[in-house]
>>> print(open('work25.cif').read())   # mmCIF, C-alpha atoms
data_run
#
loop_
_atom_site.group_PDB
_atom_site.id
_atom_site.type_symbol
_atom_site.label_atom_id
_atom_site.label_comp_id
_atom_site.auth_asym_id
_atom_site.auth_seq_id
_atom_site.Cartn_x
_atom_site.Cartn_y
_atom_site.Cartn_z
ATOM 1 C CA MET A 1 14.419 -32.526 88.315
ATOM 2 C CA THR A 2 13.323 -33.741 84.888
ATOM 3 C CA LEU A 3 10.228 -35.743 84.282
ATOM 4 C CA ALA A 4 9.350 -39.408 84.244
ATOM 5 C CA ILE A 5 5.568 -39.787 83.736
ATOM 6 C CA LYS A 6 2.964 -42.592 84.277
ATOM 7 C CA THR A 7 -0.818 -43.109 84.158
ATOM 8 C CA ALA A 8 -3.746 -44.585 86.081
ATOM 9 C CA VAL A 9 -6.133 -47.538 85.917
ATOM 10 C CA THR A 10 -9.753 -47.876 86.864
ATOM 11 C CA GLU A 11 -11.264 -49.052 90.090
ATOM 12 C CA SER A 12 -14.721 -49.063 91.581
ATOM 13 C CA THR A 13 -16.132 -45.572 91.799
ATOM 14 C CA SER A 14 -17.380 -43.951 94.957
ATOM 15 C CA GLY A 15 -20.249 -41.478 95.136
ATOM 16 C CA ARG A 16 -17.743 -38.655 94.861
ATOM 17 C CA ALA A 17 -16.182 -40.206 91.762
ATOM 18 C CA GLN A 18 -19.579 -40.347 90.086
ATOM 19 C CA GLN A 19 -20.210 -36.661 90.737
ATOM 20 C CA THR A 20 -16.852 -35.329 89.590
ATOM 21 C CA CYS A 21 -14.291 -36.020 86.931
ATOM 22 C CA CYS A 22 -11.506 -37.108 89.233
ATOM 23 C CA PRO A 23 -11.319 -37.615 93.010
ATOM 24 C CA ILE A 24 -7.521 -37.188 92.898
ATOM 25 C CA VAL A 25 -5.939 -34.356 90.885
ATOM 26 C CA GLU A 26 -2.363 -33.264 90.317
ATOM 27 C CA LEU A 27 -1.715 -29.576 89.590
ATOM 28 C CA ARG A 28 1.647 -29.677 87.815
ATOM 29 C CA GLN A 29 3.695 -26.546 87.080
ATOM 30 C CA TYR A 30 6.855 -27.006 85.005
ATOM 31 C CA THR A 31 9.658 -24.496 84.604
ATOM 32 C CA LEU A 32 11.057 -24.816 81.088
ATOM 33 C CA HIS A 33 14.149 -23.725 79.253
ATOM 34 C CA PRO A 34 13.615 -20.371 77.490
ATOM 35 C CA GLY A 35 11.832 -20.735 74.182
ATOM 36 C CA LYS A 36 10.959 -24.405 74.708
ATOM 37 C CA ARG A 37 7.335 -24.195 75.839
ATOM 38 C CA ASP A 38 5.756 -24.630 72.433
ATOM 39 C CA VAL A 39 8.142 -27.511 71.735
ATOM 40 C CA LEU A 40 6.890 -29.348 74.837
ATOM 41 C CA ILE A 41 3.253 -28.490 74.143
ATOM 42 C CA GLU A 42 3.431 -29.864 70.600
ATOM 43 C CA LEU A 43 5.046 -33.072 71.908
ATOM 44 C CA PHE A 44 2.645 -33.373 74.846
ATOM 45 C CA ASP A 45 -0.500 -32.824 72.795
ATOM 46 C CA ARG A 46 0.658 -35.363 70.215
ATOM 47 C CA GLU A 47 2.201 -38.123 72.362
ATOM 48 C CA PHE A 48 1.218 -37.897 76.041
ATOM 49 C CA ILE A 49 -2.570 -37.639 76.150
ATOM 50 C CA GLU A 50 -3.942 -40.836 74.628
ATOM 51 C CA THR A 51 -1.041 -42.910 75.981
ATOM 52 C CA GLN A 52 -1.915 -41.884 79.543
ATOM 53 C CA GLU A 53 -5.684 -42.020 79.166
ATOM 54 C CA ALA A 54 -5.449 -45.564 77.795
ATOM 55 C CA LEU A 55 -4.249 -46.527 81.294
ATOM 56 C CA GLY A 56 -7.098 -44.831 83.129
ATOM 57 C CA THR A 57 -5.577 -41.418 83.806
ATOM 58 C CA ARG A 58 -7.590 -38.343 82.841
ATOM 59 C CA ILE A 59 -5.653 -35.507 81.221
ATOM 60 C CA ILE A 60 -7.933 -32.706 82.395
ATOM 61 C CA GLY A 61 -6.169 -29.755 80.824
ATOM 62 C CA GLN A 62 -2.848 -28.313 79.724
ATOM 63 C CA PHE A 63 -2.027 -24.616 79.592
ATOM 64 C CA ARG A 64 0.341 -21.779 78.856
ATOM 65 C CA ASP A 65 0.896 -19.542 81.887
ATOM 66 C CA LEU A 66 0.201 -16.063 80.532
ATOM 67 C CA ASP A 67 2.430 -14.409 83.143
ATOM 68 C CA ASP A 68 5.452 -16.653 82.605
ATOM 69 C CA SER A 69 6.518 -17.650 79.101
ATOM 70 C CA ASN A 70 8.689 -20.434 80.508
ATOM 71 C CA ARG A 71 5.958 -22.173 82.511
ATOM 72 C CA PHE A 72 3.766 -25.053 81.358
ATOM 73 C CA VAL A 73 0.852 -26.057 83.615
ATOM 74 C CA TRP A 74 -1.255 -29.181 83.401
ATOM 75 C CA LEU A 75 -3.863 -31.111 85.377
ATOM 76 C CA ARG A 76 -3.951 -34.872 85.628
ATOM 77 C CA GLY A 77 -6.722 -36.822 87.356
ATOM 78 C CA PHE A 78 -7.102 -40.269 88.885
ATOM 79 C CA ARG A 79 -9.905 -42.364 90.328
ATOM 80 C CA ALA A 80 -8.045 -42.966 93.596
ATOM 81 C CA MET A 81 -4.547 -43.106 95.073
ATOM 82 C CA PRO A 82 -3.963 -46.842 94.427
ATOM 83 C CA SER A 83 -4.873 -46.482 90.756
ATOM 84 C CA ARG A 84 -2.623 -43.416 90.564
ATOM 85 C CA ALA A 85 0.396 -45.512 91.560
ATOM 86 C CA GLN A 86 -0.441 -48.262 89.073
ATOM 87 C CA ALA A 87 -1.143 -45.881 86.206
ATOM 88 C CA LEU A 88 2.039 -43.903 86.721
ATOM 89 C CA GLU A 89 4.119 -47.072 86.944
ATOM 90 C CA GLU A 90 2.622 -48.401 83.723
ATOM 91 C CA PHE A 91 3.013 -45.146 81.837
ATOM 92 C CA TYR A 92 6.566 -44.249 82.875
ATOM 93 C CA SER A 93 7.862 -47.758 82.279
ATOM 94 C CA GLY A 94 5.928 -48.077 79.025
ATOM 95 C CA PRO A 95 6.896 -47.494 75.396
ATOM 96 C CA GLY A 96 5.076 -44.180 74.945
ATOM 97 C CA TRP A 97 7.108 -42.356 77.579
ATOM 98 C CA LYS A 98 10.377 -44.158 76.806
ATOM 99 C CA ALA A 99 10.170 -43.174 73.152
ATOM 100 C CA HIS A 100 9.826 -39.458 73.901
ATOM 101 C CA ARG A 101 11.229 -38.849 77.386
ATOM 102 C CA GLU A 102 14.564 -37.489 76.169
ATOM 103 C CA ALA A 103 12.846 -34.934 73.966
ATOM 104 C CA ALA A 104 10.467 -33.957 76.786
ATOM 105 C CA ASN A 105 13.158 -33.754 79.455
ATOM 106 C CA ALA A 106 15.308 -31.597 77.179
ATOM 107 C CA THR A 107 12.693 -28.830 77.505
ATOM 108 C CA ILE A 108 12.313 -29.010 81.306
ATOM 109 C CA VAL A 109 14.329 -27.241 84.000
ATOM 110 C CA ASP A 110 12.150 -28.353 86.923
ATOM 111 C CA SER A 111 9.050 -30.541 87.218
ATOM 112 C CA ASP A 112 8.780 -30.835 91.016
ATOM 113 C CA ASN A 113 6.217 -28.044 91.553
ATOM 114 C CA VAL A 114 3.268 -30.413 91.997
ATOM 115 C CA LEU A 115 0.268 -30.192 94.316
ATOM 116 C CA LEU A 116 -1.683 -33.352 95.056
ATOM 117 C CA LEU A 117 -5.338 -32.409 95.519
ATOM 118 C CA ARG A 118 -8.842 -33.733 96.108
ATOM 119 C CA PRO A 119 -12.231 -31.989 95.789
ATOM 120 C CA ALA A 120 -12.925 -29.792 98.824
ATOM 121 C CA LEU A 121 -16.556 -30.954 98.866
ATOM 122 C CA PRO A 122 -18.276 -33.944 97.239
ATOM 123 C CA ASN A 123 -19.529 -31.775 94.375
ATOM 124 C CA SER A 124 -16.657 -29.265 94.067
ATOM 125 C CA GLY A 125 -14.485 -31.187 91.619
ATOM 126 C CA PHE A 126 -14.448 -30.736 87.857
ATOM 127 C CA ALA A 127 -17.663 -31.845 86.211
ATOM 128 C CA PRO A 128 -17.164 -34.602 83.616
ATOM 129 C CA GLU A 129 -16.525 -32.916 80.289
ATOM 130 C CA SER A 130 -19.139 -33.693 77.644
ATOM 131 C CA ARG A 131 -17.198 -32.188 74.738
ATOM 132 C CA ARG A 132 -14.856 -34.176 72.539
ATOM 133 C CA ARG A 133 -11.146 -33.488 72.704
ATOM 134 C CA PRO A 134 -9.831 -31.977 69.449
ATOM 135 C CA PRO A 135 -7.960 -34.551 67.331
ATOM 136 C CA ILE A 136 -4.195 -34.952 67.218
ATOM 137 C CA GLY A 137 -2.798 -32.252 64.963
ATOM 138 C CA GLY A 138 -5.563 -29.780 65.772
ATOM 139 C CA SER A 139 -4.182 -26.273 65.939
ATOM 140 C CA GLU A 140 -7.188 -24.033 66.621
ATOM 141 C CA MET A 141 -6.470 -22.163 69.822
ATOM 142 C CA PRO A 142 -9.332 -22.210 72.333
ATOM 143 C CA LYS A 143 -10.790 -18.922 73.446
ATOM 144 C CA GLY A 144 -11.209 -18.145 77.078
ATOM 145 C CA LEU A 145 -9.121 -17.842 80.201
ATOM 146 C CA LEU A 146 -8.816 -20.043 83.261
ATOM 147 C CA VAL A 147 -7.617 -18.561 86.530
ATOM 148 C CA ALA A 148 -6.303 -20.842 89.266
ATOM 149 C CA THR A 149 -5.938 -19.305 92.723
ATOM 150 C CA ILE A 150 -3.837 -21.119 95.305
ATOM 151 C CA TYR A 151 -4.698 -20.104 98.876
ATOM 152 C CA TYR A 152 -1.878 -21.010 101.287
ATOM 153 C CA LEU A 153 -3.257 -21.805 104.736
ATOM 154 C CA ASN A 154 -1.869 -22.061 108.239
ATOM 155 C CA GLU A 155 -3.890 -25.194 108.953
ATOM 156 C CA PRO A 156 -5.746 -27.855 106.970
ATOM 157 C CA ALA A 157 -8.469 -26.327 104.816
ATOM 158 C CA GLU A 158 -11.042 -28.694 106.263
ATOM 159 C CA THR A 159 -10.682 -27.025 109.669
ATOM 160 C CA ASN A 160 -12.776 -24.038 108.579
ATOM 161 C CA PHE A 161 -11.517 -22.517 105.319
ATOM 162 C CA VAL A 162 -13.587 -24.742 103.034
ATOM 163 C CA GLN A 163 -16.772 -23.525 104.703
ATOM 164 C CA TYR A 164 -15.518 -19.944 104.595
ATOM 165 C CA PHE A 165 -14.777 -20.234 100.871
ATOM 166 C CA ALA A 166 -18.152 -21.806 100.061
ATOM 167 C CA SER A 167 -20.261 -19.457 102.180
ATOM 168 C CA THR A 168 -18.376 -16.170 101.837
ATOM 169 C CA LEU A 169 -15.820 -16.053 99.031
ATOM 170 C CA GLU A 170 -17.644 -18.027 96.348
ATOM 171 C CA PRO A 171 -20.826 -15.879 96.342
ATOM 172 C CA VAL A 172 -18.857 -12.638 95.980
ATOM 173 C CA LEU A 173 -16.622 -14.062 93.265
ATOM 174 C CA LYS A 174 -19.707 -15.138 91.314
ATOM 175 C CA GLN A 175 -21.443 -11.791 91.839
ATOM 176 C CA THR A 176 -18.447 -10.020 90.312
ATOM 177 C CA GLY A 177 -18.400 -12.134 87.148
ATOM 178 C CA ALA A 178 -16.407 -15.276 87.892
ATOM 179 C CA SER A 179 -17.591 -18.705 86.806
ATOM 180 C CA ILE A 180 -16.218 -21.105 89.410
ATOM 181 C CA LEU A 181 -15.489 -24.501 87.896
ATOM 182 C CA ALA A 182 -14.070 -26.366 90.874
ATOM 183 C CA TYR A 183 -12.095 -26.082 94.080
ATOM 184 C CA PHE A 184 -9.785 -28.516 95.785
ATOM 185 C CA VAL A 185 -7.791 -29.011 98.975
ATOM 186 C CA THR A 186 -4.557 -30.811 99.741
ATOM 187 C CA GLU A 187 -4.711 -34.586 99.480
ATOM 188 C CA ASN A 188 -2.719 -35.683 102.510
ATOM 189 C CA SER A 189 -2.047 -39.257 101.446
ATOM 190 C CA ALA A 190 1.601 -40.184 101.134
ATOM 191 C CA ASN A 191 2.966 -39.861 97.614
ATOM 192 C CA ASN A 192 2.703 -43.435 96.341
ATOM 193 C CA PHE A 193 4.847 -42.827 93.254
ATOM 194 C CA PRO A 194 7.998 -41.261 94.740
ATOM 195 C CA ALA A 195 9.810 -41.160 91.399
ATOM 196 C CA LEU A 196 7.663 -38.062 90.789
ATOM 197 C CA PRO A 197 7.901 -35.732 93.807
ATOM 198 C CA VAL A 198 4.964 -33.690 95.092
ATOM 199 C CA ARG A 199 4.977 -30.766 97.507
ATOM 200 C CA GLU A 200 4.360 -32.065 101.002
ATOM 201 C CA GLY A 201 3.635 -30.434 104.354
ATOM 202 C CA GLU A 202 1.521 -27.631 102.826
ATOM 203 C CA HIS A 203 -2.135 -26.756 103.348
ATOM 204 C CA VAL A 204 -3.861 -25.235 100.327
ATOM 205 C CA LEU A 205 -7.228 -24.605 98.762
ATOM 206 C CA VAL A 206 -7.077 -24.197 94.982
ATOM 207 C CA SER A 207 -9.961 -22.699 93.033
ATOM 208 C CA PHE A 208 -10.429 -22.683 89.257
ATOM 209 C CA MET A 209 -12.438 -19.922 87.584
ATOM 210 C CA ARG A 210 -13.400 -19.463 83.937
ATOM 211 C CA PHE A 211 -13.632 -16.174 82.043
ATOM 212 C CA GLN A 212 -14.561 -15.413 78.460
ATOM 213 C CA ASP A 213 -11.329 -13.497 77.898
ATOM 214 C CA GLN A 214 -8.804 -11.174 79.552
ATOM 215 C CA ASP A 215 -11.243 -8.253 79.373
ATOM 216 C CA ALA A 216 -13.843 -10.248 81.291
ATOM 217 C CA TYR A 217 -11.257 -11.070 83.946
ATOM 218 C CA ASP A 218 -10.260 -7.404 84.169
ATOM 219 C CA ARG A 219 -13.917 -6.446 84.668
ATOM 220 C CA HIS A 220 -14.161 -9.033 87.416
ATOM 221 C CA LEU A 221 -11.124 -7.568 89.191
ATOM 222 C CA ALA A 222 -12.546 -4.058 88.859
ATOM 223 C CA ALA A 223 -15.899 -5.156 90.258
ATOM 224 C CA LEU A 224 -14.159 -6.957 93.099
ATOM 225 C CA SER A 225 -12.194 -3.833 93.991
ATOM 226 C CA GLN A 226 -15.477 -1.895 94.171
ATOM 227 C CA SER A 227 -17.289 -4.488 96.248
ATOM 228 C CA GLN A 228 -17.913 -3.086 99.697
ATOM 229 C CA GLN A 229 -18.122 -6.569 101.184
ATOM 230 C CA TRP A 230 -14.805 -7.592 99.629
ATOM 231 C CA CYS A 231 -12.949 -4.437 100.583
ATOM 232 C CA SER A 232 -14.355 -3.966 104.063
ATOM 233 C CA LYS A 233 -14.465 -7.538 105.319
ATOM 234 C CA ILE A 234 -13.138 -10.264 103.090
ATOM 235 C CA SER A 235 -9.704 -8.921 102.171
ATOM 236 C CA ASN A 236 -8.764 -8.336 105.804
ATOM 237 C CA GLU A 237 -10.148 -11.703 106.838
ATOM 238 C CA LEU A 238 -8.152 -13.417 104.095
ATOM 239 C CA THR A 239 -4.973 -11.749 105.316
ATOM 240 C CA ARG A 240 -5.643 -13.147 108.764
ATOM 241 C CA ARG A 241 -6.409 -16.654 107.566
ATOM 242 C CA LEU A 242 -3.660 -17.089 104.978
ATOM 243 C CA LYS A 243 -0.021 -17.985 105.471
ATOM 244 C CA ARG A 244 0.965 -15.786 102.542
ATOM 245 C CA ALA A 245 -0.599 -14.008 99.607
ATOM 246 C CA PRO A 246 -2.553 -16.213 97.189
ATOM 247 C CA GLU A 247 -0.780 -17.386 94.047
ATOM 248 C CA ILE A 248 -2.738 -16.609 90.890
ATOM 249 C CA LEU A 249 -2.177 -18.507 87.634
ATOM 250 C CA LYS A 250 -3.663 -17.065 84.450
ATOM 251 C CA LEU A 251 -3.922 -20.012 82.084
ATOM 252 C CA SER A 252 -4.526 -20.238 78.350
ATOM 253 C CA PRO A 253 -5.572 -23.746 77.167
ATOM 254 C CA THR A 254 -3.548 -25.498 74.491
ATOM 255 C CA ALA A 255 -5.166 -26.678 71.272
ATOM 256 C CA ARG A 256 -6.001 -30.134 72.694
ATOM 257 C CA SER A 257 -6.826 -29.205 76.282
ATOM 258 C CA LEU A 258 -10.098 -30.770 77.380
ATOM 259 C CA LEU A 259 -10.650 -28.051 79.991
ATOM 260 C CA ARG A 260 -11.133 -24.751 78.170
ATOM 261 C CA GLY A 261 -12.018 -21.184 78.891
#
>>> encode(input="work25.cif", output="structure tokens")
Amino acid sequence: MTLAIKTAVTESTSGRAQQTCCPIVELRQYTLHPGKRDVLIELFDREFIETQEALGTRIIGQFRDLDDSNRFVWLRGFRAMPSRAQALEEFYSGPGWKAHREAANATIVDSDNVLLLRPALPNSGFAPESRRRPPIGGSEMPKGLLVATIYYLNEPAETNFVQYFASTLEPVLKQTGASILAYFVTENSANNFPALPVREGEHVLVSFMRFQDQDAYDRHLAALSQSQQWCSKISNELTRRLKRAPEILKLSPTARSLLRG
């Protein structure tokens, strides 16, 4: 399915909203036609950031998937589900999207790979970014690497996996060189903008880690493989707890991504 995008408006903030960037987050993975990723990125960075943020949506980050040259990944945040519906309606029926939707859709094979998420804990969302977004037309490529890990669970993460991640996985990941930015679980609210499908009926925990570069990530993996705790206990326990192997996304920020490595 091709894309039809909208943005969000403000509403009163809860305690969680004050502590994190966005209480509701979409992780959006697009499959593109071969050779069209940079075309979409140039269009997105020029036309689809300010037009959405003017409506209250937060464009958290947009990325090239380093393992798939035909995949574009981006994160969009909202203050709450009701404001999500309003923002998306206003954006996708508005002039900014209408002017450029044909060009955007021409690059996209599928845009339905979308996870609707919320912070796993009150303080586990993305911290509000203090840096300024580079201006339109900026071309300097950010350094750094973001790694998103999607853990597929047999039951809702809140049952016990959130506690397991926070008390067992997170300390070992940090000890082996990862900087953990945030982690989220499935938001189980009904999709209130059905024109844009989301994946439903799945239980996930998604973590986001930052590394200085690919070499730093490789050192982390090497240290993890040598960790006695990871090899003797955690890897087997993960196999037992997970529905299938984790999905790992190695992400390189675009020139105007707010979230960077």
>>> resolve_selection(input="work25.cif", expression="the PyMOL selection byres ((chain A and resi 181) around 8)", output="list in words")
Ser124, Gly125, Phe126, Ala127, Ser179, Ile180, Ala182, Tyr183, Ser207, Phe208, Met209 and Arg210 of chain A
>>> resolve_selection(input="work25.cif", expression="the PyMOL selection byres ((chain A and resi 158) around 10)", output="PDB file with C-alpha atoms, in the frame of the given file")
ATOM      1  CA  ALA A 120     -12.925 -29.792  98.824  1.00  0.00           C
ATOM      2  CA  LEU A 121     -16.556 -30.954  98.866  1.00  0.00           C
ATOM      3  CA  GLU A 155      -3.890 -25.194 108.953  1.00  0.00           C
ATOM      4  CA  PRO A 156      -5.746 -27.855 106.970  1.00  0.00           C
ATOM      5  CA  ALA A 157      -8.469 -26.327 104.816  1.00  0.00           C
ATOM      6  CA  THR A 159     -10.682 -27.025 109.669  1.00  0.00           C
ATOM      7  CA  ASN A 160     -12.776 -24.038 108.579  1.00  0.00           C
ATOM      8  CA  PHE A 161     -11.517 -22.517 105.319  1.00  0.00           C
ATOM      9  CA  VAL A 162     -13.587 -24.742 103.034  1.00  0.00           C
ATOM     10  CA  GLN A 163     -16.772 -23.525 104.703  1.00  0.00           C
ATOM     11  CA  TYR A 164     -15.518 -19.944 104.595  1.00  0.00           C
ATOM     12  CA  VAL A 185      -7.791 -29.011  98.975  1.00  0.00           C
ATOM     13  CA  THR A 186      -4.557 -30.811  99.741  1.00  0.00           C
ATOM     14  CA  HIS A 203      -2.135 -26.756 103.348  1.00  0.00           C
ATOM     15  CA  VAL A 204      -3.861 -25.235 100.327  1.00  0.00           C
ATOM     16  CA  LEU A 205      -7.228 -24.605  98.762  1.00  0.00           C
TER      17      LEU A 205
END
>>> atom_distance(input="work25.cif", atom1="CA of Arg118 (chain A)", atom2="CA of Tyr151 (chain A)")
14.5 Å
>>> resolve_selection(input="work25.cif", expression="the PyMOL selection byres ((chain A and resi 177) around 12)", output="CSV table (one decimal) with C-alpha atoms, in the coordinates of the input")
chain,number,residue,atom,x,y,z
A,170,GLU,CA,-17.6,-18.0,96.3
A,171,PRO,CA,-20.8,-15.9,96.3
A,172,VAL,CA,-18.9,-12.6,96.0
A,173,LEU,CA,-16.6,-14.1,93.3
A,174,LYS,CA,-19.7,-15.1,91.3
A,175,GLN,CA,-21.4,-11.8,91.8
A,176,THR,CA,-18.4,-10.0,90.3
A,178,ALA,CA,-16.4,-15.3,87.9
A,179,SER,CA,-17.6,-18.7,86.8
A,180,ILE,CA,-16.2,-21.1,89.4
A,209,MET,CA,-12.4,-19.9,87.6
A,210,ARG,CA,-13.4,-19.5,83.9
A,211,PHE,CA,-13.6,-16.2,82.0
A,212,GLN,CA,-14.6,-15.4,78.5
A,213,ASP,CA,-11.3,-13.5,77.9
A,215,ASP,CA,-11.2,-8.3,79.4
A,216,ALA,CA,-13.8,-10.2,81.3
A,217,TYR,CA,-11.3,-11.1,83.9
A,218,ASP,CA,-10.3,-7.4,84.2
A,219,ARG,CA,-13.9,-6.4,84.7
A,220,HIS,CA,-14.2,-9.0,87.4
A,221,LEU,CA,-11.1,-7.6,89.2
A,222,ALA,CA,-12.5,-4.1,88.9
A,223,ALA,CA,-15.9,-5.2,90.3
A,224,LEU,CA,-14.2,-7.0,93.1
A,227,SER,CA,-17.3,-4.5,96.2
>>> atom_distance(input="work25.cif", atom1="CA of Asp65 (chain A)", atom2="CA of Asp38 (chain A)")
11.8 Å
>>> residues_around(input="work25.cif", residues="His33 (chain A)", least_positions_apart="2", cutoff="10 Å", atoms="all atoms listed in the file", output="list of chain:residue names")
A:Tyr30, A:Thr31, A:Gly35, A:Lys36, A:Arg37, A:Ser69, A:Asn70, A:Arg71, A:Ala106, A:Thr107, A:Ile108, A:Val109, A:Asp110
>>> atom_distance(input="work25.cif", atom1="CA of Ala80 (chain A)", atom2="CA of Pro23 (chain A)")
6.3 Å
>>> axis_aligned_box(input="work25.cif", around="region 24-41 of chain A", padding_each_side="4 Å", output="lines of an AutoDock Vina configuration file")
center_x = 3.3
center_y = -28.8
center_z = 82.3
size_x = 29.7
size_y = 24.8
size_z = 29.2
>>> residues_around(input="work25.cif", residues="region 255-259 of chain A", least_positions_apart="2", cutoff="8 Å", atoms="all atoms listed in the file", output="list in words")
Asp45, Ile59, Ile60, Gly61, Gln62, Phe63, Glu129, Arg131, Arg132, Arg133, Pro134, Pro135, Ile136, Gly138, Ser139, Glu140, Met141, Pro142, Pro253 and Gly261 of chain A
>>> closest_residue(input="work25.cif", among="A:Phe72, A:Phe165, A:Trp97, A:Tyr152", to="Ser111 (chain A)", atoms="all atoms listed in the file")
A:Phe72
>>> closest_residue(input="work25.cif", among="A:Gln214, A:Gln226, A:Thr20, A:Glu89", to="Lys143 (chain A)", atoms="all atoms listed in the file")
A:Gln214
>>> closest_residue(input="work25.cif", among="A:Thr149, A:Asn192, A:Asn154, A:Ser225", to="Glu247 (chain A)", atoms="all atoms listed in the file")
A:Thr149
>>> closest_residue(input="work25.cif", among="A:Arg244, A:Arg58, A:Arg260, A:Arg28", to="Val73 (chain A)", atoms="only C-alpha atoms")
A:Arg28
>>> build_atoms(input="work25.cif", residues="region 98-110 of chain A", atoms="N, CA, C and O atoms", output="compact mmCIF listing (two decimals), in the frame of the given file")
# COMPACT_ATOMS: atom_id res chain seq x y z
N LYS A 98 8.98 -43.86 77.12
CA LYS A 98 10.38 -44.16 76.81
C LYS A 98 10.78 -43.62 75.44
O LYS A 98 11.91 -43.17 75.24
N ALA A 99 9.85 -43.63 74.51
CA ALA A 99 10.17 -43.17 73.15
C ALA A 99 10.40 -41.67 73.09
O ALA A 99 11.12 -41.20 72.20
N HIS A 100 9.80 -40.93 74.02
CA HIS A 100 9.83 -39.46 73.90
C HIS A 100 10.35 -38.74 75.14
O HIS A 100 10.35 -37.52 75.17
N ARG A 101 10.82 -39.49 76.14
CA ARG A 101 11.23 -38.85 77.39
C ARG A 101 12.43 -37.94 77.20
O ARG A 101 12.52 -36.88 77.83
N GLU A 102 13.38 -38.33 76.36
CA GLU A 102 14.56 -37.49 76.17
C GLU A 102 14.18 -36.16 75.56
O GLU A 102 14.68 -35.10 75.98
N ALA A 103 13.29 -36.19 74.59
CA ALA A 103 12.85 -34.93 73.97
C ALA A 103 12.08 -34.08 74.97
O ALA A 103 12.25 -32.85 75.02
N ALA A 104 11.22 -34.71 75.79
CA ALA A 104 10.47 -33.96 76.79
C ALA A 104 11.39 -33.38 77.85
O ALA A 104 11.32 -32.20 78.19
N ASN A 105 12.27 -34.21 78.39
CA ASN A 105 13.16 -33.75 79.46
C ASN A 105 14.11 -32.66 79.00
O ASN A 105 14.54 -31.83 79.80
N ALA A 106 14.41 -32.63 77.71
CA ALA A 106 15.31 -31.60 77.18
C ALA A 106 14.69 -30.21 77.26
O ALA A 106 15.40 -29.20 77.20
N THR A 107 13.36 -30.14 77.41
CA THR A 107 12.69 -28.83 77.50
C THR A 107 12.52 -28.36 78.95
O THR A 107 12.21 -27.19 79.17
N ILE A 108 12.73 -29.26 79.92
CA ILE A 108 12.31 -29.01 81.31
C ILE A 108 13.50 -28.68 82.19
O ILE A 108 14.50 -29.41 82.22
N VAL A 109 13.36 -27.58 82.96
CA VAL A 109 14.33 -27.24 84.00
C VAL A 109 13.93 -27.90 85.31
O VAL A 109 14.74 -28.48 86.02
N ASP A 110 12.64 -27.82 85.66
CA ASP A 110 12.15 -28.35 86.92
C ASP A 110 10.70 -28.81 86.76
O ASP A 110 9.89 -28.10 86.18
